[in-house]
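S.K.: Contents are PDB, C-alpha atoms; file name input-v7.pdb:
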ATOM      1  CA  MET A  83       0.000   0.000   0.000
ATOM      2  CA  PHE A  84       1.209   3.528  -0.795
ATOM      3  CA  VAL A  85       0.329   6.841   0.913
ATOM      4  CA  ASN A  86       0.555  10.082  -1.055
ATOM      5  CA  GLU A  87      -1.370  13.227  -2.010
ATOM      6  CA  SER A  88      -3.697  13.632  -4.971
ATOM      7  CA  LEU A  89      -4.589  17.090  -6.295
ATOM      8  CA  LEU A  90      -8.013  17.762  -7.802
ATOM      9  CA  LEU A  91      -7.794  20.740 -10.183
ATOM     10  CA  TRP A  92      -9.554  23.807  -8.740
ATOM     11  CA  LYS A  93      -8.669  27.444  -9.523
ATOM     12  CA  GLY A  94     -11.671  29.118  -7.909
ATOM     13  CA  ASN A  95     -11.785  30.889  -4.551
ATOM     14  CA  LEU A  96     -11.208  28.437  -1.721
ATOM     15  CA  SER A  97      -9.342  29.102   1.517
ATOM     16  CA  TRP A  98      -7.753  25.634   1.629
ATOM     17  CA  LYS A  99      -6.772  25.435  -2.039
ATOM     18  CA  GLN A 100      -3.255  23.999  -2.367
ATOM     19  CA  TYR A 101      -0.301  24.438  -4.698
ATOM     20  CA  ILE A 102       1.876  21.384  -5.402
ATOM     21  CA  ALA A 103       4.451  21.976  -8.140
ATOM     22  CA  THR A 104       5.068  18.264  -8.790
ATOM     23  CA  LYS A 105       1.419  17.522  -9.584
ATOM     24  CA  ARG A 106      -0.095  17.936 -13.031
ATOM     25  CA  ALA A 107      -2.935  20.179 -11.801
ATOM     26  CA  ARG A 108      -0.598  22.270  -9.553
ATOM     27  CA  PHE A 109      -3.549  24.188  -8.014
ATOM     28  CA  GLY A 110      -6.462  22.438  -6.410
ATOM     29  CA  ILE A 111      -8.099  20.436  -3.628
ATOM     30  CA  LYS A 112      -5.737  18.066  -1.834
ATOM     31  CA  LEU A 113      -6.661  14.520  -0.872
ATOM     32  CA  PHE A 114      -4.491  12.265   1.266
ATOM     33  CA  ILE A 115      -4.887   8.820  -0.289
ATOM     34  CA  LEU A 116      -4.001   5.277   0.665
ATOM     35  CA  SER A 117      -3.906   3.265  -2.556
ATOM     36  CA  GLU A 118      -2.879  -0.198  -3.637
ATOM     37  CA  SER A 119       0.612  -0.049  -5.157
ATOM     38  CA  GLN A 120       0.270  -2.443  -8.109
ATOM     39  CA  PHE A 121      -3.143  -1.549  -9.579
ATOM     40  CA  GLY A 122      -3.881   1.895  -8.073
ATOM     41  CA  TYR A 123      -7.325   1.385  -6.550
ATOM     42  CA  VAL A 124      -8.176   3.604  -3.574
ATOM     43  CA  GLN A 125      -8.339   2.068  -0.099
ATOM     44  CA  ASN A 126      -8.939   5.175   2.045
ATOM     45  CA  ILE A 127      -8.926   8.989   1.752
ATOM     46  CA  ILE A 128      -8.747  12.110   3.927
ATOM     47  CA  LEU A 129      -9.854  15.461   2.490
ATOM     48  CA  TYR A 130      -7.548  18.348   3.408
ATOM     49  CA  THR A 131      -9.534  21.411   4.563
ATOM     50  CA  GLY A 132      -6.820  23.463   6.245
ATOM     51  CA  LYS A 133      -6.757  23.738  10.052
ATOM     52  CA  ASP A 134     -10.187  22.112  10.248
ATOM     53  CA  THR A 135      -9.064  18.929   8.455
ATOM     54  CA  ASN A 136     -10.863  15.928   9.908
ATOM     55  CA  ASP A 137      -7.952  13.498   9.962
ATOM     56  CA  GLY A 138      -9.467  11.182  12.547
ATOM     57  CA  SER A 139      -9.528  10.810  16.317
ATOM     58  CA  ASN A 140      -7.744   7.479  16.864
ATOM     59  CA  TYR A 141      -4.283   9.029  17.294
ATOM     60  CA  PRO A 142      -4.723  12.509  18.853
ATOM     61  CA  GLN A 143      -1.245  12.389  20.445
ATOM     62  CA  GLU A 144       0.537  12.152  17.063
ATOM     63  CA  LYS A 145       1.675  15.052  14.886
ATOM     64  CA  GLN A 146      -0.059  15.734  11.577
ATOM     65  CA  SER A 147       1.938  13.666   9.081
ATOM     66  CA  PRO A 148       2.187  10.457  11.202
ATOM     67  CA  ARG A 149      -1.449  10.886  12.270
ATOM     68  CA  ILE A 150      -2.567  10.979   8.631
ATOM     69  CA  VAL A 151      -0.676   7.751   7.868
ATOM     70  CA  LEU A 152      -1.998   5.971  10.960
ATOM     71  CA  GLU A 153      -5.585   7.073  10.315
ATOM     72  CA  LEU A 154      -5.443   6.009   6.668
ATOM     73  CA  THR A 155      -3.986   2.601   7.579
ATOM     74  CA  HIS A 156      -5.970   2.075  10.795
ATOM     75  CA  ASP A 157      -8.077  -0.799   9.420
ATOM     76  CA  LEU A 158      -4.978  -2.508   7.958
ATOM     77  CA  LEU A 159      -2.839  -2.566  11.089
ATOM     78  CA  ASN A 160      -1.906  -5.950  12.599
ATOM     79  CA  LYS A 161      -2.577  -7.681   9.278
ATOM     80  CA  GLY A 162       0.986  -7.886   7.932
ATOM     81  CA  TYR A 163       0.771  -5.168   5.265
ATOM     82  CA  LYS A 164       3.698  -3.177   3.862
ATOM     83  CA  ILE A 165       3.274   0.608   3.707
ATOM     84  CA  TYR A 166       5.352   2.695   1.259
ATOM     85  CA  LEU A 167       5.795   6.398   2.085
ATOM     86  CA  ASP A 168       7.502   9.423   0.565
ATOM     87  CA  ASN A 169       9.769  11.747   2.554
ATOM     88  CA  PHE A 170       6.895  13.965   3.802
ATOM     89  CA  TYR A 171       5.549  11.156   6.002
ATOM     90  CA  THR A 172       8.516   8.865   6.769
ATOM     91  CA  SER A 173      10.024   9.115  10.247
ATOM     92  CA  ILE A 174      11.574   6.749  12.784
ATOM     93  CA  PRO A 175       8.862   7.307  15.474
ATOM     94  CA  LEU A 176       6.138   6.493  12.900
ATOM     95  CA  ALA A 177       8.046   3.382  11.800
ATOM     96  CA  GLU A 178       8.258   2.197  15.413
ATOM     97  CA  VAL A 179       4.490   2.592  15.872
ATOM     98  CA  LEU A 180       3.790   0.669  12.652
ATOM     99  CA  CYS A 181       6.188  -2.134  13.608
ATOM    100  CA  GLN A 182       4.492  -2.436  16.996
ATOM    101  CA  ASN A 183       1.259  -3.044  15.058
ATOM    102  CA  ASN A 184       2.722  -5.768  12.807
ATOM    103  CA  THR A 185       2.936  -3.443   9.789
ATOM    104  CA  ASP A 186       6.136  -2.969   7.773
ATOM    105  CA  ILE A 187       7.351   0.330   6.351
ATOM    106  CA  VAL A 188       9.542   1.313   3.395
ATOM    107  CA  GLY A 189      10.109   4.980   2.627
ATOM    108  CA  LYS A 190      12.343   7.842   1.663
ATOM    109  CA  MET A 191      13.316  10.082   4.555
ATOM    110  CA  ARG A 192      14.506  13.641   5.044
ATOM    111  CA  ILE A 193      17.938  14.119   6.593
ATOM    112  CA  ASN A 194      16.588  16.335   9.412
ATOM    113  CA  ARG A 195      14.201  13.744  10.878
ATOM    114  CA  VAL A 196      14.386  12.965  14.582
ATOM    115  CA  GLY A 197      16.365   9.853  15.522
ATOM    116  CA  ILE A 198      18.705   9.615  12.520
ATOM    117  CA  PRO A 199      22.244   8.634  13.712
ATOM    118  CA  SER A 200      24.730  11.503  13.556
ATOM    119  CA  GLU A 201      27.210   9.475  11.442
ATOM    120  CA  ILE A 202      24.495   9.025   8.797
ATOM    121  CA  LYS A 203      23.946  12.792   8.704
ATOM    122  CA  THR A 204      27.608  13.816   8.544
ATOM    123  CA  LYS A 205      29.153  11.046   6.431
ATOM    124  CA  LYS A 206      30.360  12.254   3.009
ATOM    125  CA  LEU A 207      29.900   9.547   0.372
ATOM    126  CA  GLU A 208      31.389   9.006  -3.041
ATOM    127  CA  LYS A 209      29.107   8.024  -5.927
ATOM    128  CA  ASN A 210      27.527   4.583  -5.436
ATOM    129  CA  GLU A 211      28.777   4.314  -1.836
ATOM    130  CA  HIS A 212      26.406   3.708   1.063
ATOM    131  CA  ILE A 213      26.312   3.703   4.838
ATOM    132  CA  VAL A 214      23.790   1.806   6.939
ATOM    133  CA  ARG A 215      22.730   1.620  10.590
ATOM    134  CA  PHE A 216      20.234  -0.670  12.317
ATOM    135  CA  LYS A 217      17.956  -0.206  15.303
ATOM    136  CA  GLY A 218      16.144  -3.422  16.100
ATOM    137  CA  LYS A 219      14.028  -4.226  13.059
ATOM    138  CA  LEU A 220      14.592  -0.835  11.429
ATOM    139  CA  MET A 221      17.327   0.003   8.924
ATOM    140  CA  VAL A 222      18.464   3.505   7.938
ATOM    141  CA  LEU A 223      20.462   3.564   4.698
ATOM    142  CA  LYS A 224      22.172   6.489   2.992
ATOM    143  CA  TRP A 225      23.274   5.942  -0.615
ATOM    144  CA  LYS A 226      24.956   8.350  -3.007
ATOM    145  CA  ASP A 227      23.730   8.444  -6.597
ATOM    146  CA  LYS A 228      23.666  11.892  -8.203
ATOM    147  CA  LYS A 229      22.826  13.093  -4.706
ATOM    148  CA  ASP A 230      22.315  11.513  -1.292
ATOM    149  CA  VAL A 231      19.263   9.254  -0.935
ATOM    150  CA  LEU A 232      18.103   8.372   2.589
ATOM    151  CA  MET A 233      15.888   5.307   3.077
ATOM    152  CA  LEU A 234      14.120   3.740   6.057
ATOM    153  CA  SER A 235      12.922   0.134   5.993
ATOM    154  CA  SER A 236      11.763  -2.583   8.376
ATOM    155  CA  ILE A 237      12.101  -5.449   5.861
ATOM    156  CA  HIS A 238      15.412  -4.840   4.067
ATOM    157  CA  ASN A 239      19.123  -5.005   4.758
ATOM    158  CA  ASP A 240      21.984  -3.359   2.846
ATOM    159  CA  GLU A 241      22.111  -5.945   0.032
ATOM    160  CA  ARG A 242      22.541  -4.598  -3.488
ATOM    161  CA  THR A 243      21.564  -5.814  -6.948
ATOM    162  CA  MET A 244      23.293  -5.198 -10.272
ATOM    163  CA  ILE A 245      20.945  -3.611 -12.820
ATOM    164  CA  GLU A 246      21.347  -2.388 -16.380
ATOM    165  CA  LYS A 247      19.783   0.897 -17.455
ATOM    166  CA  ARG A 248      20.367   2.655 -20.771
ATOM    167  CA  GLY A 249      23.299   0.378 -21.525
ATOM    168  CA  ARG A 250      25.003   1.081 -18.198
ATOM    169  CA  ARG A 251      25.396  -1.381 -15.332
ATOM    170  CA  GLN A 252      25.044  -0.173 -11.770
ATOM    171  CA  GLU A 253      24.597  -1.672  -8.320
ATOM    172  CA  LYS A 254      21.620  -0.335  -6.374
ATOM    173  CA  PRO A 255      20.438  -1.172  -2.853
ATOM    174  CA  ASN A 256      17.460  -3.530  -2.850
ATOM    175  CA  VAL A 257      15.472  -1.157  -0.637
ATOM    176  CA  ILE A 258      15.582   1.534  -3.348
ATOM    177  CA  LEU A 259      14.623  -0.901  -6.117
ATOM    178  CA  ASP A 260      11.668  -2.122  -4.046
ATOM    179  CA  TYR A 261      10.568   1.435  -3.243
ATOM    180  CA  ASN A 262      10.734   2.549  -6.891
ATOM    181  CA  LYS A 263       8.605  -0.435  -7.891
ATOM    182  CA  ASN A 264       5.810   0.234  -5.393
ATOM    183  CA  MET A 265       5.691   4.000  -4.902
ATOM    184  CA  GLY A 266       3.375   5.006  -7.776
ATOM    185  CA  GLY A 267      -0.058   3.777  -6.682
ATOM    186  CA  VAL A 268      -1.748   7.186  -6.286
ATOM    187  CA  ASP A 269      -0.384   8.642  -9.534
ATOM    188  CA  LEU A 270      -1.275   5.398 -11.310
ATOM    189  CA  GLY A 271      -4.892   5.695 -10.207
ATOM    190  CA  ASP A 272      -5.041   9.393 -11.173
ATOM    191  CA  GLY A 273      -3.668   8.540 -14.610
ATOM    192  CA  ILE A 274      -6.385   5.933 -15.179
ATOM    193  CA  MET A 275      -9.210   8.190 -13.969
ATOM    194  CA  VAL A 276      -8.254  11.249 -16.006
ATOM    195  CA  ALA A 277      -9.207   9.587 -19.315
ATOM    196  CA  TYR A 278     -12.946   9.322 -18.469
ATOM    197  CA  THR A 279     -13.452  11.608 -15.486
ATOM    198  CA  ALA A 280     -16.877  12.923 -14.479
ATOM    199  CA  ALA A 281     -15.323  15.951 -12.708
ATOM    200  CA  ARG A 282     -15.354  18.540 -15.502
ATOM    201  CA  ASN A 283     -13.268  21.721 -15.303
ATOM    202  CA  ARG A 284     -16.235  24.112 -15.652
ATOM    203  CA  ILE A 285     -18.056  22.999 -12.506
ATOM    204  CA  LYS A 286     -18.737  26.098 -10.369
ATOM    205  CA  LYS A 287     -19.181  24.441  -6.939
ATOM    206  CA  PHE A 288     -16.175  22.791  -5.314
ATOM    207  CA  TYR A 289     -18.294  20.288  -3.376
ATOM    208  CA  LYS A 290     -19.788  19.007  -6.627
ATOM    209  CA  LYS A 291     -16.308  18.457  -8.000
ATOM    210  CA  ILE A 292     -15.284  16.570  -4.851
ATOM    211  CA  PHE A 293     -18.383  14.365  -5.152
ATOM    212  CA  LEU A 294     -17.620  13.593  -8.791
ATOM    213  CA  ARG A 295     -13.994  12.731  -7.929
ATOM    214  CA  LEU A 296     -15.284  10.276  -5.320
ATOM    215  CA  LEU A 297     -17.550   8.863  -8.022
ATOM    216  CA  ASP A 298     -14.505   8.496 -10.301
ATOM    217  CA  MET A 299     -12.692   6.612  -7.532
ATOM    218  CA  CYS A 300     -15.621   4.216  -7.144
ATOM    219  CA  GLY A 301     -15.623   3.613 -10.910
ATOM    220  CA  LEU A 302     -11.853   3.055 -10.908
ATOM    221  CA  THR A 303     -12.019   0.519  -8.081
ATOM    222  CA  ALA A 304     -14.924  -1.299  -9.740
ATOM    223  CA  TYR A 305     -13.059  -1.429 -13.072
ATOM    224  CA  ILE A 306      -9.856  -2.763 -11.480
ATOM    225  CA  LEU A 307     -11.770  -5.504  -9.665
ATOM    226  CA  TYR A 308     -13.648  -6.287 -12.896
ATOM    227  CA  LYS A 309     -10.384  -6.706 -14.837
ATOM    228  CA  LYS A 310      -8.899  -8.775 -12.009
ATOM    229  CA  ASP A 311     -11.889 -11.088 -12.442
ATOM    230  CA  ARG A 312     -10.911 -11.491 -16.131
ATOM    231  CA  GLY A 313     -13.416  -9.008 -17.537
ATOM    232  CA  GLN A 314     -13.122  -8.303 -21.267
ATOM    233  CA  LEU A 315     -14.530  -4.754 -21.580
ATOM    234  CA  ASP A 316     -12.261  -1.729 -21.819
ATOM    235  CA  GLN A 317     -12.631   1.118 -19.315
ATOM    236  CA  LEU A 318     -15.004   3.268 -21.418
ATOM    237  CA  HIS A 319     -17.477   0.496 -22.233
ATOM    238  CA  PHE A 320     -17.328  -0.792 -18.658
ATOM    239  CA  LEU A 321     -18.322   2.649 -17.304
ATOM    240  CA  ILE A 322     -21.093   3.000 -19.910
ATOM    241  CA  GLU A 323     -22.517  -0.378 -18.912
ATOM    242  CA  CYS A 324     -22.365   0.589 -15.225
ATOM    243  CA  VAL A 325     -24.341   3.778 -15.940
ATOM    244  CA  GLU A 326     -26.942   1.864 -17.949
ATOM    245  CA  LYS A 327     -27.400  -0.687 -15.170
ATOM    246  CA  ILE A 328     -27.754   2.019 -12.508
ATOM    247  CA  VAL A 329     -30.382   3.852 -14.573
ATOM    248  CA  GLU A 330     -32.204   0.607 -15.342
ATOM    249  CA  ASN A 331     -32.340  -0.423 -11.671
ATOM    250  CA  ASN A 332     -33.458   2.980 -10.354
ATOM    251  CA  ILE A 333     -35.794   4.406 -13.015
ATOM    252  CA  VAL A 334     -39.411   4.840 -11.873
ATOM    253  CA  SER A 335     -42.053   4.044 -14.481
ATOM    254  CA  THR A 336     -45.077   6.386 -14.692
ATOM    255  CA  HIS A 337     -47.087   4.011 -16.889
ATOM    256  CA  PRO A 338     -49.483   1.387 -15.457
ATOM    257  CA  LYS A 339     -48.113  -2.127 -15.444
ATOM    258  CA  PRO A 340     -49.520  -4.335 -18.221
ATOM    259  CA  SER A 341     -52.050  -6.914 -17.111
ATOM    260  CA  THR A 342     -51.034 -10.577 -17.013
ATOM    261  CA  SER A 343     -52.823 -13.267 -18.942
ATOM    262  CA  ASN A 344     -54.448 -14.618 -15.771
ATOM    263  CA  SER A 345     -55.901 -11.279 -14.618
ATOM    264  CA  THR A 346     -59.203  -9.739 -15.700
ATOM    265  CA  PRO A 347     -58.740  -7.199 -18.525
ATOM    266  CA  LYS A 348     -59.150  -3.619 -17.332
ATOM    267  CA  PRO A 349     -61.854  -1.364 -18.810
ATOM    268  CA  ALA A 350     -60.722   0.784 -21.704
ATOM    269  CA  ARG A 351     -61.269   3.927 -19.636
ATOM    270  CA  LEU A 352     -58.368   2.854 -17.340
ATOM    271  CA  VAL A 353     -55.728   2.151 -20.001
ATOM    272  CA  GLU A 354     -56.477   4.611 -22.825
ATOM    273  CA  ARG A 355     -55.904   8.366 -22.999
ATOM    274  CA  TYR A 356     -58.944  10.702 -22.705
ATOM    275  CA  PHE A 357     -59.423  14.453 -22.802
ATOM    276  CA  PRO A 358     -62.277  16.479 -21.253
ATOM    277  CA  GLU A 359     -64.547  18.752 -23.265
ATOM    278  CA  GLN A 360     -67.297  21.188 -22.367
ATOM    279  CA  THR A 361     -70.876  19.922 -22.685
ATOM    280  CA  LYS A 362     -72.888  21.977 -25.190
ATOM    281  CA  SER A 363     -76.468  21.941 -26.413
ATOM    282  CA  ASP A 364     -77.597  21.875 -30.032
ATOM    283  CA  THR A 365     -77.673  25.668 -30.014
ATOM    284  CA  GLY A 366     -74.052  25.805 -28.916
ATOM    285  CA  LYS A 367     -74.732  26.951 -25.347
ATOM    286  CA  THR A 368     -72.906  25.352 -22.405
ATOM    287  CA  LYS A 369     -75.068  23.040 -20.314
ATOM    288  CA  SER A 370     -74.487  21.033 -17.161
ATOM    289  CA  ARG A 371     -75.107  17.364 -16.340
ATOM    290  CA  LYS A 372     -74.829  15.194 -13.244
ATOM    291  CA  CYS A 373     -71.205  14.141 -12.514
ATOM    292  CA  ARG A 374     -70.920  10.335 -12.624
ATOM    293  CA  VAL A 375     -68.358  10.145  -9.802
ATOM    294  CA  CYS A 376     -70.196  12.555  -7.487
ATOM    295  CA  TYR A 377     -73.487  10.706  -8.107
ATOM    296  CA  LYS A 378     -71.785   7.396  -7.246
ATOM    297  CA  LYS A 379     -70.641   8.942  -3.955
ATOM    298  CA  GLY A 380     -74.164  10.170  -3.161
ATOM    299  CA  ALA A 381     -73.521  13.845  -3.889
ATOM    300  CA  ARG A 382     -75.752  15.868  -6.200
ATOM    301  CA  LYS A 383     -73.302  17.898  -8.237
ATOM    302  CA  GLU A 384     -73.375  18.933 -11.866
ATOM    303  CA  SER A 385     -70.536  19.675 -14.247
ATOM    304  CA  THR A 386     -70.243  21.455 -17.583
ATOM    305  CA  TYR A 387     -67.466  19.034 -18.641
ATOM    306  CA  TRP A 388     -67.683  15.482 -19.894
ATOM    307  CA  CYS A 389     -65.621  12.723 -21.516
ATOM    308  CA  PRO A 390     -66.953  12.447 -25.079
ATOM    309  CA  ASP A 391     -65.447   8.957 -25.555
ATOM    310  CA  CYS A 392     -67.060   7.538 -22.396
ATOM    311  CA  ALA A 393     -70.188   9.732 -22.759
ATOM    312  CA  VAL A 394     -70.297  10.644 -19.044
ATOM    313  CA  ALA A 395     -70.242  14.010 -17.306
ATOM    314  CA  LEU A 396     -67.337  14.553 -14.902
ATOM    315  CA  CYS A 397     -66.042  17.348 -12.682
ATOM    316  CA  ILE A 398     -62.884  18.751 -14.241
ATOM    317  CA  ASN A 399     -60.894  19.022 -10.990
ATOM    318  CA  ASN A 400     -60.699  15.505  -9.542
ATOM    319  CA  CYS A 401     -63.533  13.358 -10.826
ATOM    320  CA  PHE A 402     -62.175  13.121 -14.385
ATOM    321  CA  LYS A 403     -58.915  11.641 -13.047
ATOM    322  CA  ILE A 404     -60.698   9.334 -10.590
ATOM    323  CA  TYR A 405     -63.035   7.940 -13.238
ATOM    324  CA  HIS A 406     -60.150   7.051 -15.564
ATOM    325  CA  THR A 407     -57.854   5.529 -12.904
ATOM    326  CA  GLU A 408     -60.094   3.718 -10.393
ATOM    327  CA  ILE A 409     -61.960   0.593 -11.375
ATOM    328  CA  ALA A 410     -64.845   1.158  -8.908
ATOM    329  CA  PHE A 411     -66.521   3.631 -11.255
TER     330      PHE A 411
END
Using structure tokens, write down the structure from this file.
M.R.:
Amino acid sequence: MFVNESLLLWKGNLSWKQYIATKRARFGIKLFILSESQFGYVQNIILYTGKDTNDGSNYPQEKQSPRIVLELTHDLLNKGYKIYLDNFYTSIPLAEVLCQNNTDIVGKMRINRVGIPSEIKTKKLEKNEHIVRFKGKLMVLKWKDKKDVLMLSSIHNDERTMIEKRGRRQEKPNVILDYNKNMGGVDLGDGIMVAYTAARNRIKKFYKKIFLRLLDMCGLTAYILYKKDRGQLDQLHFLIECVEKIVENNIVSTHPKPSTSNSTPKPARLVERYFPEQTKSDTGKTKSRKCRVCYKKGARKESTYWCPDCAVALCINNCFKIYHTEIAF
């Protein structure tokens, strides 16, 4: 599992709008996301809303970045998962908490984090050299490529593997190779969603855009599970079929249900379409007649309207509708 931020494009007025230069949108609404590393489906999210961010109440004693990780992974603790983190979240105190809850950690780390040995901080390395220190299950490794790379892991040692890239052979620590392989879950999911997103750029209300992004995430997760179950449709046709099924299952019909072969056929006045007209004499003057429905109810009331097809007088307000929808009349 991988923890990272996702940025939903938003350039309107919003007090907690964020700027992240490394994201494609750059300006927008930030989501902290826990995603699956290989396929990119979303496991959990926290919406960033500035100082009022609701990042959970299970770990009130923790600072913001470790609290976000622990809240996102709360339901996965003590189940043997591996959590991959970038340098914003990775710290030795967080790693110790995760290890206490039977959860492994692999992540890049900033050099100014609390608990890093002083020799790791001060050691000057030549290219492709490394230095490593252990504390119980945890390993802190510093490796020099073009610049220093600091890694923290609870499942690796300082073993290295020879790789070939662009015709050049180079030894890299296994912890870095493993991290590079599993660190792209959030960006992978964003890349899949952007092709057929429901969150259009012209939406004027930010909460509508957030809702549509959540809808996109549901569609992404459903599509990934569908493909994992050997589904044959591509993403577009899968989403179209989902929409059709949702509409089909939730549409409300306004037409009367057709009668079955075993039921008594309904009178024509209940299944056909009729229109009221005014009752007129031979001279063209309007005249009134007893309303069929009112007479049936014991009321003496006359109406100047009738149904010419049924040849009965009916009050225009309610009786016309009652006569053509209720079988009692």
S.K.: What does the distance between atom CA of A:Leu223 and atom CA of A:Ala177 come to in Å, to one decimal place?
M.R.: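 It comes out at 14.3 Å.
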S.K.: Using Å and a single decimal, report how far atom CA of A:Asn86 sits from atom CA of A:His156.
M.R.: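 So the two atoms, atom CA of A:His156 and atom CA of A:Asn86, lie 15.7 Å apart.
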S.K.: Of the candidates A:Cys401, A:Leu234, A:Leu207, A:Leu159, which shows the shortest atom-to-atom distance to A:Asn184, using all atoms listed in the file?
M.R.: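 When distances to A:Asn184 are compared using all atoms listed in the file, the smallest one comes from A:Leu159.
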S.K.: Between atom CA of A:Trp92 and atom CA of A:Ile274, what distance in Å does the model show, to one decimal?
M.R.: 19.3 Å
S.K.: Of the candidates A:Arg371, A:Lys105, A:Lys112, A:Lys217, which shows the shortest atom-to-atom distance to A:Ser236, using all atoms listed in the file?
M.R.: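 Once distances to A:Ser236 are computed over all atoms listed in the file, the minimum belongs to A:Lys217.
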S.K.: I'd like the residues picked by the PyMOL selection byres ((chain A and resi 267-271) around 9) written out as a list in words, using the chain letters and numbers from the file.
M.R.: Met83, Phe84, Val85, Asn86, Glu87, Ser88, Ile115, Leu116, Ser117, Glu118, Ser119, Gln120, Phe121, Gly122, Tyr123, Val124, Asn264, Met265, Gly266, Asp272, Gly273, Ile274, Met275, Val276, Met299 and Leu302 of chain A
S.K.: Using the chain letters and numbering of this document, enumerate as a PDB file with C-alpha atoms, keeping the file's coordinate frame the residues selected by the PyMOL selection byres ((chain A and resi 375) around 12).
M.R.:
ATOM      1  CA  ARG A 371     -75.107  17.364 -16.340  1.00  0.00           C
ATOM      2  CA  LYS A 372     -74.829  15.194 -13.244  1.00  0.00           C
ATOM      3  CA  CYS A 373     -71.205  14.141 -12.514  1.00  0.00           C
ATOM      4  CA  ARG A 374     -70.920  10.335 -12.624  1.00  0.00           C
ATOM      5  CA  CYS A 376     -70.196  12.555  -7.487  1.00  0.00           C
ATOM      6  CA  TYR A 377     -73.487  10.706  -8.107  1.00  0.00           C
ATOM      7  CA  LYS A 378     -71.785   7.396  -7.246  1.00  0.00           C
ATOM      8  CA  LYS A 379     -70.641   8.942  -3.955  1.00  0.00           C
ATOM      9  CA  GLY A 380     -74.164  10.170  -3.161  1.00  0.00           C
ATOM     10  CA  ALA A 381     -73.521  13.845  -3.889  1.00  0.00           C
ATOM     11  CA  ARG A 382     -75.752  15.868  -6.200  1.00  0.00           C
ATOM     12  CA  LYS A 383     -73.302  17.898  -8.237  1.00  0.00           C
ATOM     13  CA  GLU A 384     -73.375  18.933 -11.866  1.00  0.00           C
ATOM     14  CA  SER A 385     -70.536  19.675 -14.247  1.00  0.00           C
ATOM     15  CA  TRP A 388     -67.683  15.482 -19.894  1.00  0.00           C
ATOM     16  CA  VAL A 394     -70.297  10.644 -19.044  1.00  0.00           C
ATOM     17  CA  ALA A 395     -70.242  14.010 -17.306  1.00  0.00           C
ATOM     18  CA  LEU A 396     -67.337  14.553 -14.902  1.00  0.00           C
ATOM     19  CA  CYS A 397     -66.042  17.348 -12.682  1.00  0.00           C
ATOM     20  CA  ILE A 398     -62.884  18.751 -14.241  1.00  0.00           C
ATOM     21  CA  ASN A 399     -60.894  19.022 -10.990  1.00  0.00           C
ATOM     22  CA  ASN A 400     -60.699  15.505  -9.542  1.00  0.00           C
ATOM     23  CA  CYS A 401     -63.533  13.358 -10.826  1.00  0.00           C
ATOM     24  CA  PHE A 402     -62.175  13.121 -14.385  1.00  0.00           C
ATOM     25  CA  LYS A 403     -58.915  11.641 -13.047  1.00  0.00           C
ATOM     26  CA  ILE A 404     -60.698   9.334 -10.590  1.00  0.00           C
ATOM     27  CA  TYR A 405     -63.035   7.940 -13.238  1.00  0.00           C
ATOM     28  CA  HIS A 406     -60.150   7.051 -15.564  1.00  0.00           C
ATOM     29  CA  THR A 407     -57.854   5.529 -12.904  1.00  0.00           C
ATOM     30  CA  GLU A 408     -60.094   3.718 -10.393  1.00  0.00           C
ATOM     31  CA  ILE A 409     -61.960   0.593 -11.375  1.00  0.00           C
ATOM     32  CA  ALA A 410     -64.845   1.158  -8.908  1.00  0.00           C
ATOM     33  CA  PHE A 411     -66.521   3.631 -11.255  1.00  0.00           C
TER      34      PHE A 411
END
S.K.: Give me the residues within 10 Å of A:Ile258 as a list of chain:residue names, counting all atoms listed in the file and dropping any in the same chain fewer than 6 places off.
M.R.: A:Val188, A:Gly189, A:Lys190, A:Leu223, A:Trp225, A:Val231, A:Leu232, A:Met233, A:Leu234, A:Ser235, A:His238, A:Arg242
